[in-house]
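Asker: Just one file: upload.cif, with mmCIF, C-alpha atoms and all ligand atoms; chains and numbers go by the auth columns.
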data_structure
#
loop_
_atom_site.group_PDB
_atom_site.id
_atom_site.type_symbol
_atom_site.label_atom_id
_atom_site.label_comp_id
_atom_site.label_asym_id
_atom_site.label_seq_id
_atom_site.Cartn_x
_atom_site.Cartn_y
_atom_site.Cartn_z
_atom_site.B_iso_or_equiv
_atom_site.auth_seq_id
_atom_site.auth_asym_id
ATOM 1 C CA MET A 1 18.333 25.817 12.734 0.00 1 Y
ATOM 2 C CA ASP A 2 21.685 25.098 11.126 0.00 2 Y
ATOM 3 C CA GLY A 3 20.538 26.385 7.724 0.00 3 Y
ATOM 4 C CA SER A 4 22.302 23.564 5.862 0.00 4 Y
ATOM 5 C CA LYS A 5 19.162 21.547 5.172 0.00 5 Y
ATOM 6 C CA THR A 6 16.477 22.910 2.898 0.00 6 Y
ATOM 7 C CA PRO A 7 13.314 20.854 3.358 0.00 7 Y
ATOM 8 C CA VAL A 8 11.947 19.709 0.007 0.00 8 Y
ATOM 9 C CA ALA A 9 8.169 19.518 -0.184 0.00 9 Y
ATOM 10 C CA ALA A 10 7.989 16.383 -2.340 0.00 10 Y
ATOM 11 C CA PRO A 11 4.515 14.936 -2.941 0.00 11 Y
ATOM 12 C CA VAL A 12 3.188 12.501 -0.343 0.00 12 Y
ATOM 13 C CA LEU A 13 0.170 10.424 -1.341 0.00 13 Y
ATOM 14 C CA ILE A 14 -1.662 7.774 0.638 0.00 14 Y
ATOM 15 C CA LEU A 15 -3.685 4.909 -0.837 0.00 15 Y
ATOM 16 C CA LEU A 16 -6.393 3.673 1.529 0.00 16 Y
ATOM 17 C CA GLY A 17 -8.566 0.621 0.993 0.00 17 Y
ATOM 18 C CA PRO A 18 -9.136 -2.929 2.234 0.00 18 Y
ATOM 19 C CA PRO A 19 -6.898 -5.837 1.218 0.00 19 Y
ATOM 20 C CA GLY A 20 -7.647 -6.628 -2.424 0.00 20 Y
ATOM 21 C CA ALA A 21 -8.722 -3.082 -3.319 0.00 21 Y
ATOM 22 C CA GLY A 22 -5.805 -2.811 -5.741 0.00 22 Y
ATOM 23 C CA LYS A 23 -3.514 -0.512 -3.738 0.00 23 Y
ATOM 24 C CA GLY A 24 -0.336 -2.322 -4.796 0.00 24 Y
ATOM 25 C CA THR A 25 -1.279 -2.551 -8.470 0.00 25 Y
ATOM 26 C CA GLN A 26 -2.295 1.080 -8.661 0.00 26 Y
ATOM 27 C CA ALA A 27 0.705 2.287 -6.633 0.00 27 Y
ATOM 28 C CA ARG A 28 3.049 0.579 -9.087 0.00 28 Y
ATOM 29 C CA MET A 29 1.310 2.277 -12.002 0.00 29 Y
ATOM 30 C CA LEU A 30 1.424 5.681 -10.304 0.00 30 Y
ATOM 31 C CA GLU A 31 5.075 5.168 -9.486 0.00 31 Y
ATOM 32 C CA GLU A 32 5.880 4.853 -13.194 0.00 32 Y
ATOM 33 C CA ALA A 33 3.542 7.593 -14.367 0.00 33 Y
ATOM 34 C CA HIS A 34 4.497 10.250 -11.809 0.00 34 Y
ATOM 35 C CA GLY A 35 8.053 9.404 -10.776 0.00 35 Y
ATOM 36 C CA LEU A 36 6.994 8.639 -7.224 0.00 36 Y
ATOM 37 C CA VAL A 37 8.407 5.906 -5.003 0.00 37 Y
ATOM 38 C CA GLN A 38 5.939 3.207 -3.950 0.00 38 Y
ATOM 39 C CA LEU A 39 6.339 2.559 -0.269 0.00 39 Y
ATOM 40 C CA SER A 40 4.548 -0.590 0.854 0.00 40 Y
ATOM 41 C CA THR A 41 4.879 -1.513 4.534 0.00 41 Y
ATOM 42 C CA GLY A 42 3.607 -5.006 3.608 0.00 42 Y
ATOM 43 C CA ASP A 43 6.564 -5.421 1.205 0.00 43 Y
ATOM 44 C CA LEU A 44 8.992 -4.005 3.772 0.00 44 Y
ATOM 45 C CA LEU A 45 7.663 -6.387 6.435 0.00 45 Y
ATOM 46 C CA ARG A 46 7.810 -9.396 4.085 0.00 46 Y
ATOM 47 C CA ALA A 47 11.447 -8.481 3.327 0.00 47 Y
ATOM 48 C CA ALA A 48 12.159 -8.244 7.085 0.00 48 Y
ATOM 49 C CA VAL A 49 10.545 -11.669 7.627 0.00 49 Y
ATOM 50 C CA ALA A 50 12.572 -13.182 4.767 0.00 50 Y
ATOM 51 C CA ALA A 51 15.783 -11.640 6.133 0.00 51 Y
ATOM 52 C CA GLY A 52 14.993 -12.888 9.651 0.00 52 Y
ATOM 53 C CA THR A 53 15.564 -9.485 11.277 0.00 53 Y
ATOM 54 C CA PRO A 54 14.312 -9.049 14.881 0.00 54 Y
ATOM 55 C CA ALA A 55 11.340 -7.016 13.564 0.00 55 Y
ATOM 56 C CA GLY A 56 10.643 -9.673 10.949 0.00 56 Y
ATOM 57 C CA GLN A 57 10.700 -12.416 13.566 0.00 57 Y
ATOM 58 C CA ARG A 58 8.176 -10.518 15.674 0.00 58 Y
ATOM 59 C CA ALA A 59 5.948 -9.763 12.673 0.00 59 Y
ATOM 60 C CA LYS A 60 5.821 -13.193 11.012 0.00 60 Y
ATOM 61 C CA ALA A 61 3.097 -14.947 13.037 0.00 61 Y
ATOM 62 C CA VAL A 62 0.997 -11.766 13.246 0.00 62 Y
ATOM 63 C CA MET A 63 1.006 -11.417 9.452 0.00 63 Y
ATOM 64 C CA GLU A 64 0.180 -15.077 8.932 0.00 64 Y
ATOM 65 C CA ALA A 65 -2.845 -14.660 11.227 0.00 65 Y
ATOM 66 C CA GLY A 66 -4.065 -11.661 9.224 0.00 66 Y
ATOM 67 C CA ASP A 67 -3.663 -9.235 12.147 0.00 67 Y
ATOM 68 C CA LEU A 68 -1.874 -5.895 12.182 0.00 68 Y
ATOM 69 C CA VAL A 69 1.772 -5.753 13.160 0.00 69 Y
ATOM 70 C CA SER A 70 2.393 -3.472 16.154 0.00 70 Y
ATOM 71 C CA ASP A 71 2.587 0.260 15.516 0.00 71 Y
ATOM 72 C CA ASP A 72 6.114 0.605 16.924 0.00 72 Y
ATOM 73 C CA ILE A 73 7.575 -1.945 14.479 0.00 73 Y
ATOM 74 C CA VAL A 74 5.762 -0.552 11.440 0.00 74 Y
ATOM 75 C CA ILE A 75 6.466 3.092 12.234 0.00 75 Y
ATOM 76 C CA ALA A 76 10.185 2.356 12.715 0.00 76 Y
ATOM 77 C CA ILE A 77 10.364 0.497 9.382 0.00 77 Y
ATOM 78 C CA LEU A 78 8.485 3.274 7.589 0.00 78 Y
ATOM 79 C CA ARG A 79 10.608 6.032 9.159 0.00 79 Y
ATOM 80 C CA ASP A 80 13.848 4.346 8.046 0.00 80 Y
ATOM 81 C CA ARG A 81 12.606 3.812 4.492 0.00 81 Y
ATOM 82 C CA LEU A 82 11.219 7.346 4.204 0.00 82 Y
ATOM 83 C CA GLY A 83 14.644 8.697 5.155 0.00 83 Y
ATOM 84 C CA GLU A 84 16.340 7.064 2.148 0.00 84 Y
ATOM 85 C CA ALA A 85 17.483 9.330 -0.680 0.00 85 Y
ATOM 86 C CA ASP A 86 15.076 8.128 -3.410 0.00 86 Y
ATOM 87 C CA CYS A 87 12.037 9.136 -1.319 0.00 87 Y
ATOM 88 C CA ALA A 88 12.992 12.800 -1.783 0.00 88 Y
ATOM 89 C CA GLN A 89 11.282 12.642 -5.200 0.00 89 Y
ATOM 90 C CA GLY A 90 7.929 11.930 -3.561 0.00 90 Y
ATOM 91 C CA VAL A 91 6.195 8.840 -2.245 0.00 91 Y
ATOM 92 C CA ILE A 92 3.009 6.910 -2.602 0.00 92 Y
ATOM 93 C CA LEU A 93 2.201 5.077 0.613 0.00 93 Y
ATOM 94 C CA ASP A 94 0.549 1.706 0.055 0.00 94 Y
ATOM 95 C CA GLY A 95 -0.708 0.025 3.217 0.00 95 Y
ATOM 96 C CA PHE A 96 0.443 2.725 5.640 0.00 96 Y
ATOM 97 C CA PRO A 97 -0.963 4.212 7.794 0.00 97 Y
ATOM 98 C CA ARG A 98 -3.336 1.498 9.018 0.00 98 Y
ATOM 99 C CA THR A 99 -4.135 2.895 12.490 0.00 99 Y
ATOM 100 C CA THR A 100 -4.744 6.332 13.942 0.00 100 Y
ATOM 101 C CA VAL A 101 -1.474 6.066 15.897 0.00 101 Y
ATOM 102 C CA GLN A 102 0.378 5.466 12.602 0.00 102 Y
ATOM 103 C CA ALA A 103 -1.413 8.390 10.930 0.00 103 Y
ATOM 104 C CA GLN A 104 -0.403 10.712 13.764 0.00 104 Y
ATOM 105 C CA ALA A 105 3.189 9.445 13.637 0.00 105 Y
ATOM 106 C CA LEU A 106 3.245 10.125 9.888 0.00 106 Y
ATOM 107 C CA ASP A 107 1.950 13.662 10.420 0.00 107 Y
ATOM 108 C CA ALA A 108 4.731 14.295 12.948 0.00 108 Y
ATOM 109 C CA LEU A 109 7.397 12.779 10.705 0.00 109 Y
ATOM 110 C CA LEU A 110 6.366 14.878 7.730 0.00 110 Y
ATOM 111 C CA ALA A 111 6.036 18.055 9.790 0.00 111 Y
ATOM 112 C CA ALA A 112 9.618 17.585 10.979 0.00 112 Y
ATOM 113 C CA THR A 113 10.850 17.725 7.364 0.00 113 Y
ATOM 114 C CA GLY A 114 8.534 20.479 6.136 0.00 114 Y
ATOM 115 C CA GLN A 115 6.349 18.052 4.188 0.00 115 Y
ATOM 116 C CA ARG A 116 2.642 17.383 4.188 0.00 116 Y
ATOM 117 C CA ILE A 117 0.147 14.923 2.760 0.00 117 Y
ATOM 118 C CA ASN A 118 -1.050 15.995 -0.686 0.00 118 Y
ATOM 119 C CA ALA A 119 -3.922 13.511 -0.769 0.00 119 Y
ATOM 120 C CA ALA A 120 -5.312 10.423 0.912 0.00 120 Y
ATOM 121 C CA ILE A 121 -7.098 8.449 -1.791 0.00 121 Y
ATOM 122 C CA SER A 122 -9.685 5.920 -0.672 0.00 122 Y
ATOM 123 C CA LEU A 123 -10.218 3.059 -3.141 0.00 123 Y
ATOM 124 C CA GLU A 124 -13.919 2.296 -2.748 0.00 124 Y
ATOM 125 C CA VAL A 125 -14.725 -1.392 -3.194 0.00 125 Y
ATOM 126 C CA GLU A 126 -17.243 -3.984 -2.052 0.00 126 Y
ATOM 127 C CA ASP A 127 -15.992 -6.380 0.630 0.00 127 Y
ATOM 128 C CA ALA A 128 -17.774 -9.360 -0.917 0.00 128 Y
ATOM 129 C CA ALA A 129 -15.550 -9.203 -4.012 0.00 129 Y
ATOM 130 C CA MET A 130 -12.268 -9.001 -2.092 0.00 130 Y
ATOM 131 C CA VAL A 131 -11.935 -12.690 -1.211 0.00 131 Y
ATOM 132 C CA GLU A 132 -12.048 -13.735 -4.891 0.00 132 Y
ATOM 133 C CA ARG A 133 -9.677 -10.936 -5.858 0.00 133 Y
ATOM 134 C CA ILE A 134 -7.127 -11.889 -3.240 0.00 134 Y
ATOM 135 C CA SER A 135 -7.269 -15.652 -3.481 0.00 135 Y
ATOM 136 C CA GLY A 136 -6.519 -15.547 -7.231 0.00 136 Y
ATOM 137 C CA ARG A 137 -3.533 -13.242 -7.199 0.00 137 Y
ATOM 138 C CA PHE A 138 0.116 -14.035 -7.786 0.00 138 Y
ATOM 139 C CA THR A 139 3.287 -12.174 -8.717 0.00 139 Y
ATOM 140 C CA CYS A 140 6.343 -12.810 -10.810 0.00 140 Y
ATOM 141 C CA GLY A 141 9.282 -13.682 -8.558 0.00 141 Y
ATOM 142 C CA GLY A 142 11.643 -12.088 -11.084 0.00 142 Y
ATOM 143 C CA CYS A 143 10.240 -8.597 -11.629 0.00 143 Y
ATOM 144 C CA GLY A 144 7.344 -8.350 -9.162 0.00 144 Y
ATOM 145 C CA GLU A 145 4.638 -7.859 -11.803 0.00 145 Y
ATOM 146 C CA GLY A 146 1.218 -8.697 -10.354 0.00 146 Y
ATOM 147 C CA TYR A 147 -1.313 -11.076 -11.959 0.00 147 Y
ATOM 148 C CA HIS A 148 -4.660 -12.695 -11.198 0.00 148 Y
ATOM 149 C CA ASP A 149 -6.014 -16.117 -12.219 0.00 149 Y
ATOM 150 C CA SER A 150 -9.288 -14.642 -13.557 0.00 150 Y
ATOM 151 C CA PHE A 151 -8.815 -10.882 -13.941 0.00 151 Y
ATOM 152 C CA LYS A 152 -5.249 -10.585 -15.225 0.00 152 Y
ATOM 153 C CA PRO A 153 -3.754 -13.928 -16.280 0.00 153 Y
ATOM 154 C CA THR A 154 -0.355 -14.133 -17.978 0.00 154 Y
ATOM 155 C CA ALA A 155 -0.624 -14.355 -21.788 0.00 155 Y
ATOM 156 C CA LYS A 156 1.271 -17.666 -21.715 0.00 156 Y
ATOM 157 C CA PRO A 157 0.531 -19.848 -18.662 0.00 157 Y
ATOM 158 C CA GLY A 158 3.310 -19.658 -16.083 0.00 158 Y
ATOM 159 C CA VAL A 159 5.390 -17.100 -18.001 0.00 159 Y
ATOM 160 C CA CYS A 160 5.635 -13.452 -16.975 0.00 160 Y
ATOM 161 C CA ASP A 161 4.481 -11.054 -19.731 0.00 161 Y
ATOM 162 C CA THR A 162 6.947 -8.431 -18.554 0.00 162 Y
ATOM 163 C CA CYS A 163 10.263 -10.246 -17.981 0.00 163 Y
ATOM 164 C CA GLY A 164 9.691 -13.812 -19.221 0.00 164 Y
ATOM 165 C CA GLY A 165 10.326 -15.169 -15.712 0.00 165 Y
ATOM 166 C CA THR A 166 8.717 -18.490 -14.787 0.00 166 Y
ATOM 167 C CA GLU A 167 8.857 -18.387 -10.991 0.00 167 Y
ATOM 168 C CA MET A 168 5.417 -17.231 -9.835 0.00 168 Y
ATOM 169 C CA LYS A 169 4.734 -16.535 -6.147 0.00 169 Y
ATOM 170 C CA ARG A 170 1.593 -16.509 -4.024 0.00 170 Y
ATOM 171 C CA ARG A 171 1.527 -14.789 -0.642 0.00 171 Y
ATOM 172 C CA ALA A 172 1.187 -16.993 2.449 0.00 172 Y
ATOM 173 C CA ASP A 173 -1.591 -14.722 3.783 0.00 173 Y
ATOM 174 C CA ASP A 174 -3.637 -14.672 0.549 0.00 174 Y
ATOM 175 C CA THR A 175 -5.904 -17.524 1.634 0.00 175 Y
ATOM 176 C CA ALA A 176 -9.680 -17.255 2.103 0.00 176 Y
ATOM 177 C CA GLU A 177 -9.392 -17.791 5.900 0.00 177 Y
ATOM 178 C CA THR A 178 -6.744 -15.114 6.428 0.00 178 Y
ATOM 179 C CA VAL A 179 -8.503 -12.657 4.151 0.00 179 Y
ATOM 180 C CA ALA A 180 -11.555 -12.648 6.434 0.00 180 Y
ATOM 181 C CA GLN A 181 -9.365 -11.633 9.375 0.00 181 Y
ATOM 182 C CA ARG A 182 -7.532 -9.008 7.285 0.00 182 Y
ATOM 183 C CA LEU A 183 -10.861 -7.469 6.257 0.00 183 Y
ATOM 184 C CA GLU A 184 -11.957 -7.405 9.888 0.00 184 Y
ATOM 185 C CA ALA A 185 -8.713 -5.669 10.898 0.00 185 Y
ATOM 186 C CA TYR A 186 -9.256 -3.156 8.087 0.00 186 Y
ATOM 187 C CA HIS A 187 -12.767 -2.210 9.204 0.00 187 Y
ATOM 188 C CA ALA A 188 -11.913 -2.054 12.905 0.00 188 Y
ATOM 189 C CA GLN A 189 -8.572 -0.239 12.730 0.00 189 Y
ATOM 190 C CA THR A 190 -7.980 1.308 9.291 0.00 190 Y
ATOM 191 C CA ALA A 191 -11.371 2.451 7.963 0.00 191 Y
ATOM 192 C CA PRO A 192 -11.570 5.212 10.656 0.00 192 Y
ATOM 193 C CA LEU A 193 -8.683 6.904 8.806 0.00 193 Y
ATOM 194 C CA ILE A 194 -11.140 7.841 6.053 0.00 194 Y
ATOM 195 C CA THR A 195 -12.803 10.177 8.547 0.00 195 Y
ATOM 196 C CA TYR A 196 -9.385 11.269 9.854 0.00 196 Y
ATOM 197 C CA TYR A 197 -8.242 12.498 6.424 0.00 197 Y
ATOM 198 C CA GLN A 198 -11.665 13.850 5.553 0.00 198 Y
ATOM 199 C CA GLY A 199 -11.349 16.048 8.636 0.00 199 Y
ATOM 200 C CA LYS A 200 -8.056 17.360 7.291 0.00 200 Y
ATOM 201 C CA GLY A 201 -9.622 18.127 3.903 0.00 201 Y
ATOM 202 C CA ALA A 202 -7.202 15.663 2.251 0.00 202 Y
ATOM 203 C CA LEU A 203 -9.572 12.818 1.293 0.00 203 Y
ATOM 204 C CA THR A 204 -10.514 11.831 -2.264 0.00 204 Y
ATOM 205 C CA ARG A 205 -12.753 8.828 -2.922 0.00 205 Y
ATOM 206 C CA VAL A 206 -12.208 6.831 -6.118 0.00 206 Y
ATOM 207 C CA PRO A 207 -14.596 4.013 -7.138 0.00 207 Y
ATOM 208 C CA ALA A 208 -12.372 0.952 -7.581 0.00 208 Y
ATOM 209 C CA MET A 209 -14.583 -1.953 -8.664 0.00 209 Y
ATOM 210 C CA GLY A 210 -13.998 -1.413 -12.403 0.00 210 Y
ATOM 211 C CA ALA A 211 -11.208 -2.273 -14.817 0.00 211 Y
ATOM 212 C CA ILE A 212 -7.624 -1.700 -13.650 0.00 212 Y
ATOM 213 C CA ASP A 213 -6.831 0.757 -16.474 0.00 213 Y
ATOM 214 C CA GLN A 214 -9.983 2.776 -15.899 0.00 214 Y
ATOM 215 C CA ILE A 215 -9.214 3.138 -12.181 0.00 215 Y
ATOM 216 C CA ALA A 216 -5.613 4.034 -13.054 0.00 216 Y
ATOM 217 C CA ALA A 217 -6.848 6.819 -15.335 0.00 217 Y
ATOM 218 C CA GLU A 218 -8.970 8.286 -12.546 0.00 218 Y
ATOM 219 C CA LEU A 219 -6.099 8.066 -10.089 0.00 219 Y
ATOM 220 C CA ASN A 220 -3.734 9.707 -12.576 0.00 220 Y
ATOM 221 C CA ALA A 221 -6.093 12.643 -12.838 0.00 221 Y
ATOM 222 C CA VAL A 222 -6.329 13.002 -9.051 0.00 222 Y
ATOM 223 C CA VAL A 223 -2.564 12.735 -8.585 0.00 223 Y
ATOM 224 C CA SER A 224 -1.843 15.245 -11.378 0.00 224 Y
ATOM 225 C CA GLN A 225 -4.224 17.680 -9.747 0.00 225 Y
ATOM 226 C CA VAL A 226 -2.749 17.467 -6.262 0.00 226 Y
ATOM 227 C CA THR A 227 0.905 17.408 -7.253 0.00 227 Y
ATOM 228 C CA THR A 228 1.009 20.365 -9.639 0.00 228 Y
HETATM 229 P P1 LIG B . -0.207 -5.791 2.769 0.00 301 Y
HETATM 230 O O1 LIG B . 0.886 -6.296 1.881 0.00 301 Y
HETATM 231 O O2 LIG B . -0.317 -4.309 2.782 0.00 301 Y
HETATM 232 O O3 LIG B . -1.527 -6.481 2.500 0.00 301 Y
HETATM 233 O O4 LIG B . 0.209 -6.201 4.260 0.00 301 Y
HETATM 234 C C1 LIG B . 0.369 -7.564 4.625 0.00 301 Y
HETATM 235 C C2 LIG B . 0.362 -7.700 6.134 0.00 301 Y
HETATM 236 O O5 LIG B . 1.459 -6.946 6.684 0.00 301 Y
HETATM 237 C C3 LIG B . -0.866 -7.144 6.830 0.00 301 Y
HETATM 238 O O6 LIG B . -1.946 -8.066 6.858 0.00 301 Y
HETATM 239 C C4 LIG B . -0.311 -6.831 8.222 0.00 301 Y
HETATM 240 O O7 LIG B . -0.163 -8.014 8.980 0.00 301 Y
HETATM 241 C C5 LIG B . 1.075 -6.323 7.898 0.00 301 Y
HETATM 242 N N1 LIG B . 1.097 -4.845 7.664 0.00 301 Y
HETATM 243 C C6 LIG B . 1.404 -4.177 6.518 0.00 301 Y
HETATM 244 N N2 LIG B . 1.354 -2.853 6.687 0.00 301 Y
HETATM 245 C C7 LIG B . 0.996 -2.662 7.986 0.00 301 Y
HETATM 246 C C8 LIG B . 0.741 -1.500 8.774 0.00 301 Y
HETATM 247 N N3 LIG B . 0.838 -0.252 8.256 0.00 301 Y
HETATM 248 N N4 LIG B . 0.408 -1.686 10.069 0.00 301 Y
HETATM 249 C C9 LIG B . 0.312 -2.920 10.617 0.00 301 Y
HETATM 250 N N5 LIG B . 0.508 -4.047 9.921 0.00 301 Y
HETATM 251 C C10 LIG B . 0.851 -3.934 8.614 0.00 301 Y
#
As structure tokens, what does this structure read like?

Answerer:
Amino acid sequence: MDGSKTPVAAPVLILLGPPGAGKGTQARMLEEAHGLVQLSTGDLLRAAVAAGTPAGQRAKAVMEAGDLVSDDIVIAILRDRLGEADCAQGVILDGFPRTTVQAQALDALLAATGQRINAAISLEVEDAAMVERISGRFTCGGCGEGYHDSFKPTAKPGVCDTCGGTEMKRRADDTAETVAQRLEAYHAQTAPLITYYQGKGALTRVPAMGAIDQIAAELNAVVSQVTT
């Protein structure tokens, strides 16, 4: 040991749940409320695709098909992002890990810096509702605020409530056909992580079929408890 680096045990939280469970929405709210950094591998991959990086080029077709991008690509992207300065304040992982290999890689990465997972929170939803949730969602291209045609429309059609922006975006993989494949990938490869974190005594289940603010209040309570 060179003694020059003091590992900081910043909070590390994981949000688990199928596509449409509200991980992104809730992670953004937790980010503001608790001063954590939202770390979404989906967002990082979409940025890599848009930038045309080698990883992005490999990931593009896989994402469009609703399958999981390979562990080596995702772990490398996550490791780089986690090493950036702002993550020292604590992170909320949204969409990572999605496989047991990724969960083990995360354990090793955190162990190397003296950190650990404070909680893995499973957002408990019903699959049948996810297709409607996903196919109606859109975000503001200006500030990233998330909306939904039925559940959270903008106050004025086509205008962002938060920044007044008028360029709304819908994800290429938020179609009914792709959602079915994404749900299948979740159940086959990601749902086993619920047992993985339960075994570590880190799992908390939060019912997530209700109103966004009510779920946020429950999550706030869980996060306050595990980070203080
Ligand atoms: P998300 O924005 O979390 O819904 O992710 C969108 C897509 O990115 C997924 O359907 C996968 O194709 C890919 N993706 C995101 N995170 C991961 C991950 N941890 N492992 C593998 N693929 C991922």

Asker: Find the residue from Y:Thr25, Y:Thr113, Y:Ser70, Y:Thr228 that sits nearest to Y:Thr139; use only C-alpha atoms when measuring.

Answerer: Y:Thr25

Asker: Using all atoms listed in the file, find the one residue out of Y:Ser150, Y:Ala216, Y:Leu106, Y:Gly144 that sits nearest to Y:Cys163.

Answerer: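 Among the listed residues, Y:Gly144 lies closest to Y:Cys163.
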
Asker: Which residue gives the smallest distance to Y:Met168 among Y:Pro153, Y:Gly52, Y:Gly95, Y:Gly201, with all atoms listed in the file counted?

Answerer: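 Answer, going by the shortest atom-to-atom distance: Y:Pro153.
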
Asker: Please write the residues picked by the PyMOL selection byres (((not hetatm)) within 8 of (chain Y and resi 301)) on this file as a PyMOL selection string.

Answerer: chain Y and resi 19-20+24+40-43+45-46+59+62-71+74-75+94-99+102+173+182

Asker: Quick one: of Y:Ala172, Y:Ile212, Y:Ala105, Y:Cys140, who's nearest to Y:Cys160, counting all atoms listed in the file?

Answerer: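 When distances to Y:Cys160 are compared using all atoms listed in the file, the smallest one comes from Y:Cys140.
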
Asker: Determine the residue membership of the PyMOL selection byres (((chain Y and resi 166) around 12) and not hetatm) for the file above and supply it as a PyMOL selection string.

Answerer: chain Y and resi 138-145+154+156-165+167-169

Asker: Between Y:Ala120, Y:Val206, Y:Ala61, Y:Val101, which has the minimum distance to Y:Ile194 (counting only C-alpha atoms)?

Answerer: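 Going through Y:Ala120, Y:Val206, Y:Ala61, Y:Val101 one by one, the smallest distance to Y:Ile194 is for Y:Ala120.
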
Asker: Between atom CA of Y:Gln214 and atom CA of Y:Met29, measure the distance and give it in Å to one decimal.

Answerer: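 If I compute the distance from atom CA of Y:Gln214 to atom CA of Y:Met29, I get 12.0 Å.
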
Asker: Selected by the PyMOL selection byres (((chain Y and resi 226) around 12) and not hetatm) in the shown coordinates: which residues, as a list of chain:residue names?

Answerer: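 So the PyMOL selection byres (((chain Y and resi 226) around 12) and not hetatm) ends up selecting Y:Ala10, Y:Pro11, Y:Val12, Y:Leu13, Y:Ile14, Y:His34, Y:Arg116, Y:Ile117, Y:Asn118, Y:Ala119, Y:Ala120, Y:Ile121, Y:Ala202, Y:Leu203, Y:Thr204, Y:Leu219, Y:Asn220, Y:Ala221, Y:Val222, Y:Val223, Y:Ser224, Y:Gln225, Y:Thr227, Y:Thr228.
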
Asker: Taking into account only C-alpha atoms, which residue in the set Y:Thr175, Y:Gln57, Y:Gln198, Y:Ser122 is nearest to Y:Gly22?

Answerer: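 Under the stated criterion, the closest residue is Y:Ser122.
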
Asker: Will you model all heavy atoms for stretch 192-197 of chain Y and pass it back as an mmCIF file, keeping the file's coordinate frame?

Answerer:
data_model
loop_
_atom_site.group_PDB
_atom_site.id
_atom_site.type_symbol
_atom_site.label_atom_id
_atom_site.label_comp_id
_atom_site.auth_asym_id
_atom_site.auth_seq_id
_atom_site.Cartn_x
_atom_site.Cartn_y
_atom_site.Cartn_z
ATOM 1 N N PRO Y 192 -11.405 3.898 10.011
ATOM 2 C CA PRO Y 192 -11.570 5.212 10.656
ATOM 3 C C PRO Y 192 -10.643 6.297 10.094
ATOM 4 O O PRO Y 192 -10.897 7.495 10.279
ATOM 5 C CB PRO Y 192 -11.240 4.921 12.132
ATOM 6 C CG PRO Y 192 -11.569 3.472 12.308
ATOM 7 C CD PRO Y 192 -11.212 2.817 11.003
ATOM 8 N N LEU Y 193 -9.594 5.897 9.383
ATOM 9 C CA LEU Y 193 -8.683 6.904 8.806
ATOM 10 C C LEU Y 193 -9.346 7.688 7.670
ATOM 11 O O LEU Y 193 -8.907 8.782 7.320
ATOM 12 C CB LEU Y 193 -7.402 6.247 8.292
ATOM 13 C CG LEU Y 193 -6.521 5.591 9.362
ATOM 14 C CD1 LEU Y 193 -5.257 5.022 8.745
ATOM 15 C CD2 LEU Y 193 -6.167 6.600 10.444
ATOM 16 N N ILE Y 194 -10.409 7.114 7.103
ATOM 17 C CA ILE Y 194 -11.140 7.841 6.053
ATOM 18 C C ILE Y 194 -11.699 9.129 6.665
ATOM 19 O O ILE Y 194 -11.555 10.215 6.101
ATOM 20 C CB ILE Y 194 -12.245 6.940 5.448
ATOM 21 C CG1 ILE Y 194 -11.572 5.801 4.662
ATOM 22 C CG2 ILE Y 194 -13.180 7.743 4.552
ATOM 23 C CD1 ILE Y 194 -12.509 4.776 4.087
ATOM 24 N N THR Y 195 -12.281 9.000 7.838
ATOM 25 C CA THR Y 195 -12.803 10.177 8.547
ATOM 26 C C THR Y 195 -11.662 11.100 8.977
ATOM 27 O O THR Y 195 -11.770 12.325 8.921
ATOM 28 C CB THR Y 195 -13.607 9.721 9.793
ATOM 29 O OG1 THR Y 195 -14.473 8.674 9.388
ATOM 30 C CG2 THR Y 195 -14.406 10.852 10.378
ATOM 31 N N TYR Y 196 -10.556 10.493 9.402
ATOM 32 C CA TYR Y 196 -9.385 11.269 9.854
ATOM 33 C C TYR Y 196 -8.908 12.214 8.734
ATOM 34 O O TYR Y 196 -8.712 13.413 8.966
ATOM 35 C CB TYR Y 196 -8.279 10.281 10.249
ATOM 36 C CG TYR Y 196 -6.992 10.891 10.752
ATOM 37 C CD1 TYR Y 196 -6.820 11.177 12.105
ATOM 38 C CD2 TYR Y 196 -5.927 11.144 9.892
ATOM 39 C CE1 TYR Y 196 -5.625 11.716 12.584
ATOM 40 C CE2 TYR Y 196 -4.732 11.684 10.357
ATOM 41 C CZ TYR Y 196 -4.590 11.961 11.708
ATOM 42 O OH TYR Y 196 -3.404 12.496 12.161
ATOM 43 N N TYR Y 197 -8.753 11.661 7.525
ATOM 44 C CA TYR Y 197 -8.242 12.498 6.424
ATOM 45 C C TYR Y 197 -9.320 13.408 5.844
ATOM 46 O O TYR Y 197 -9.012 14.477 5.326
ATOM 47 C CB TYR Y 197 -7.582 11.619 5.342
ATOM 48 C CG TYR Y 197 -6.268 11.058 5.848
ATOM 49 C CD1 TYR Y 197 -6.094 9.697 6.057
ATOM 50 C CD2 TYR Y 197 -5.209 11.907 6.156
ATOM 51 C CE1 TYR Y 197 -4.900 9.193 6.564
ATOM 52 C CE2 TYR Y 197 -4.004 11.417 6.666
ATOM 53 C CZ TYR Y 197 -3.865 10.056 6.866
ATOM 54 O OH TYR Y 197 -2.692 9.570 7.373
#
